[in-house]
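Below is one structure; the comments refer to it alone.
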Amino acid sequence: MKDLTLDISKALEFVSKDDYKSLQDKALEFNVALYDKTLPGNDFLGWVDVKNIISEEELSAIEKKAAELREKIDVLVVIGIGGSYLGAKAVIEALSNSFAQMCPKKGMPLVLFAGQNIGEDYIAELMDVIADKSYALCVVSKSGTTTEPAIAFRLLKEQIEKKYGKAEAATRIVAITDKSRGALKTLATAEGYTTFVIGDSVGGRFSVLTPVGLFPIACAGFDVRALLKGAYSVEEKTQKGKSFDENISAHYAVVRNLLHKAGKSTEILVNFHPKLHYFMEWWKQLYGESEGKDGKGIFPASVDFTSDLHSMGQYIQEGVRLMYETVISIAEPDRKVEIPSDAQNLDQLNFLAGKRVDFVNKQAELGTQLAHLDGGVPQIRIEIPQLNEYYLGQMIYFFEKACGISGYILGVNPFNQPGVEAYKKNMFALLNKPGYEEASKAIQARLAK
Ligand code: PA5
């Protein structure tokens, strides 16, 4: 079976060969530390060993509940934010028909998301569209106290109970949360919801291969075992004891840190397939939250090409030289579409007649790579043979493992996120949340100045 491949040759031109050699041992040491749990963040490494990330019993229970719901629902609403939604969203979008909302399929419920924002119109419109559908809710929160999903769940719980009655609603609500702590766990136990556990040792942004991602993905009708298999295939090649040559995650971690050292402070993740748009969002959270701290970090950005070549393309080609690109390429799309010949040829495209749309896309990709190299933008390229569960699993683990190694090379704890508390503290003070009285006074005085 073919695998994900990584090509860093067009990035190495921009870095010191000596540094490249000398950082390799460090990267392998940090890879060992991820297994031996010897460095900061060692409580959050439950994702590293893929074989033990989820038990067979729990995986079967996930598949069983997902199959039961798929029989009776048209829509699953997943309620969560950050790491509690982006992984599922990324995988489901990548695998679904681009126009899934227009072509519903029996047994493959549409997965919609809530609680990932506090947009009033968004939640109101969501509640409108699901009102006359058969639906279920999957509420995901490790802490069980996050404001955005808690508000959405309060609203959607009331709606689902009104529609189906409390008893039936309880069979249509699945909670994914901590095994014993938090408001959501207490509620789920009291109401008798099916519950899956987010283990203590996996942080939100590393949780897609736990029930957090697996249950919504299974509910959408996709093969979660293939996803895990793909992830394991990369873990196997990047386990401790593997050489640097075998460890593609270590290669990526090393080269991105060297590019950073060479003045490239922004990494742009690039796709040429719109289905990967949310994969980029997942990746931005993974790297942004893991590395952006202590005044350090490579800024993770993303673009969808060729769409964004007609907007951000100008900046990337000629703006401030602060970025490198990592391109995700899919060797073979699922579908084949040939460009037809046209008798009039007014658009002068007959030179492409008989060629596949993907052939044009691939030439755009190559042309962009060369143009951006000419513009001083180093290029990393990742290729997967096809967009399916197995290769998404490979990409997920490839990036997660690289993120752990890269964060340690950078000199940060990649597994905490102290910075996300700052906005919450201010918001709670502004909302006069009980317990925030002093902070409320202070923030009001600051605003009055
Ligand atoms: O990566 C993280 O830890 C965060 O993005 C969390 O996933 C996010 O804040 C949601 O937290 P919770 O699952 O506790 O509601």
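Residue numbering restarts at 1 for every chain of the structure tokens, chains are lettered A, B, ... in their displayed order, and ligands are numbered from 1 as they appear.
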For this session: Using DSSP on the backbone, list every residue of stretch 137-200 of chain A that comes out as strand (DSSP E), and give them as a VMD selection string.
Result: chain A and resid 137 to 141 173 to 177 194 to 197
For this session: Please write out the residues within 7 Å of ligand 1 as a ChimeraX atom specification, counting only C-alpha atoms and all ligand atoms.
Result: /A:80-84,140-146,149,203-205,289,417
For this session: Find the residues around stretch 41-56 of chain A up to 10 Å (only C-alpha atoms counted), leave out those fewer than 4 positions away in its own chain, and share them as a PyMOL selection string.
Result: chain A and resi 31+33-37+60-62+197-204+206-211+214+228-236+239+397+400-401+404+412-416
For this session: From a DSSP pass on the backbone, collect the residues of stretch 322-400 of chain A flagged as alpha helix (DSSP H) and hand them back as an MDAnalysis selection string.
Result: chainID A and resid 357:374 389:400
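Among the candidates A:Ala402, A:Leu156, A:Ala226, A:Ala124, the one nearest to A:Ser290 when counting only C-alpha atoms is A:Ala402.
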Exercise: A:Glu71 partners within 7 Å, only C-alpha atoms, chain neighbours under 3 positions left out, as a compact mmCIF listing (two decimals) with all heavy atoms, in the first residue's frame:
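File selection_9.txt, as written:
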```
# COMPACT_ATOMS: atom_id res chain seq x y z
N ALA A 67 -24.33 3.45 14.65
CA ALA A 67 -25.20 2.70 13.73
C ALA A 67 -26.66 2.84 14.15
O ALA A 67 -27.55 3.02 13.30
CB ALA A 67 -24.78 1.24 13.70
N GLU A 68 -26.90 2.79 15.44
CA GLU A 68 -28.28 2.92 15.96
C GLU A 68 -28.85 4.29 15.57
O GLU A 68 -29.97 4.39 15.06
CB GLU A 68 -28.23 2.75 17.49
CG GLU A 68 -29.54 2.97 18.21
CD GLU A 68 -29.30 3.29 19.70
OE1 GLU A 68 -28.49 2.58 20.35
OE2 GLU A 68 -29.92 4.27 20.18
N GLY A 107 -28.89 6.74 5.93
CA GLY A 107 -27.83 6.11 6.73
C GLY A 107 -26.58 6.95 6.84
O GLY A 107 -25.60 6.54 7.47
```
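Among the candidates A:Leu110, A:Lys157, A:Glu267, A:Ile298, the one nearest to A:Met127 when counting only C-alpha atoms is A:Lys157.
If only C-alpha atoms are the atoms counted, then among A:Lys424, A:Ser16, A:Ala114, A:Pro274 the closest residue to A:Phe99 is A:Pro274.
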Problem set entry | Atom-to-atom span, atom CA of A:Lys261 and atom CA of A:Thr238, Å | 24.4 Å
Problem set entry | Spatial neighbours of A:Gly292, max dist 12 Å, only C-alpha atoms, sep filter under 2 positions, as a PyMOL selection string | chain A and resi 265-266+284-290+294-300+403+406-407+410-420
Problem set entry | Length of the atom CA of A:Lys425 to atom CA of A:Ala439 vector [Å] | 8.0 Å
For this session: May I ask which of the residues A:Leu309, A:Ala445, A:Ile248, A:Val360 is the closest one to A:Ala27, counting only C-alpha atoms?
Result: A:Ile248
